[in-house]
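A.B. asks: Quick one: the structure is below, questions incoming.
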Amino acid sequence: MTKAVDAIYEDGVFKPEEPVELKEKTKVHLVIDTPAPAQDDDDPTGWKAADKFIGMWKDGPEEALGEKHDDYLYK
């Protein structure tokens with residue numbers, strides 16, 4: 001039998017958020033799926049992070065990277 005159950009991990013124990021119909025000491029297999037970590041509240045859109053990434057090439061090649069894209073990849 002397979003059933004998805006939301007639970008809280010507290011004091012070293014998983015506590016289901018709703019009742020489950022299992023006999024005491026029933027062995028189960030848990031797959032833990034945690035929510036993705038929240039983004040930095042200071043940058044909710046991610047643009048600050050993107051700007052840092054884009055800035056990595058400010059001192060790069062004189063020509064734009066896009067102009068010779070195929071040359072970089074295929075030669």
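Going through the structure tokens in order, the chains are called A, B, and so on, while each chain numbers its residues from 1 and the ligands are numbered from 1 in the order shown.
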Write out as an MDAnalysis selection string the residues lying within 12 Å of Glu21 of chain A, counting only C-alpha atoms and excluding same-chain residues fewer than 6 positions away.

C.D. replies: chainID A and resid 1 3 5

A.B. asks: Please dump the current selection as a tab-separated table (two decimals), in the first residue's frame; keep N, CA, C and O atoms.

C.D. replies:
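Final file, part-v2.tsv:
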```
chain	number	residue	atom	x	y	z
A	1	MET	N	0.84	-1.18	0.00
A	1	MET	CA	0.00	0.00	0.00
A	1	MET	C	0.89	1.25	0.00
A	1	MET	O	1.88	1.31	0.71
A	3	LYS	N	0.76	5.51	0.31
A	3	LYS	CA	-0.03	6.69	0.63
A	3	LYS	C	0.91	7.83	0.97
A	3	LYS	O	1.86	7.65	1.73
A	5	VAL	N	1.76	11.16	2.90
A	5	VAL	CA	1.33	11.78	4.15
A	5	VAL	C	2.29	12.92	4.47
A	5	VAL	O	3.50	12.72	4.47
```

A.B. asks: Which residues are close to Ile32 of chain A, i.e. within 10 Å by only C-alpha atoms, leaving aside same-chain residues fewer than 3 positions away? Reply as number ranges by chain.

C.D. replies: A: 6-7, 29, 35

A.B. asks: Closest to Val31 of chain A among A:Pro44, A:Lys75, A:Ala4, A:Pro16, using only C-alpha atoms?

C.D. replies: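 Of all the options, A:Ala4 lies closest to Val31 of chain A.
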
A.B. asks: Between atom CA of Val13 of chain A and atom CA of Leu30 of chain A, measure the distance and give it in Å to one decimal.

C.D. replies: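 Taking atom CA of Val13 of chain A as the start and atom CA of Leu30 of chain A as the end point, the length is 12.1 Å.
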
A.B. asks: Between atom CA of Thr45 of chain A and atom CA of Asp33 of chain A, what is the distance, to one decimal in Å?

C.D. replies: 24.3 Å
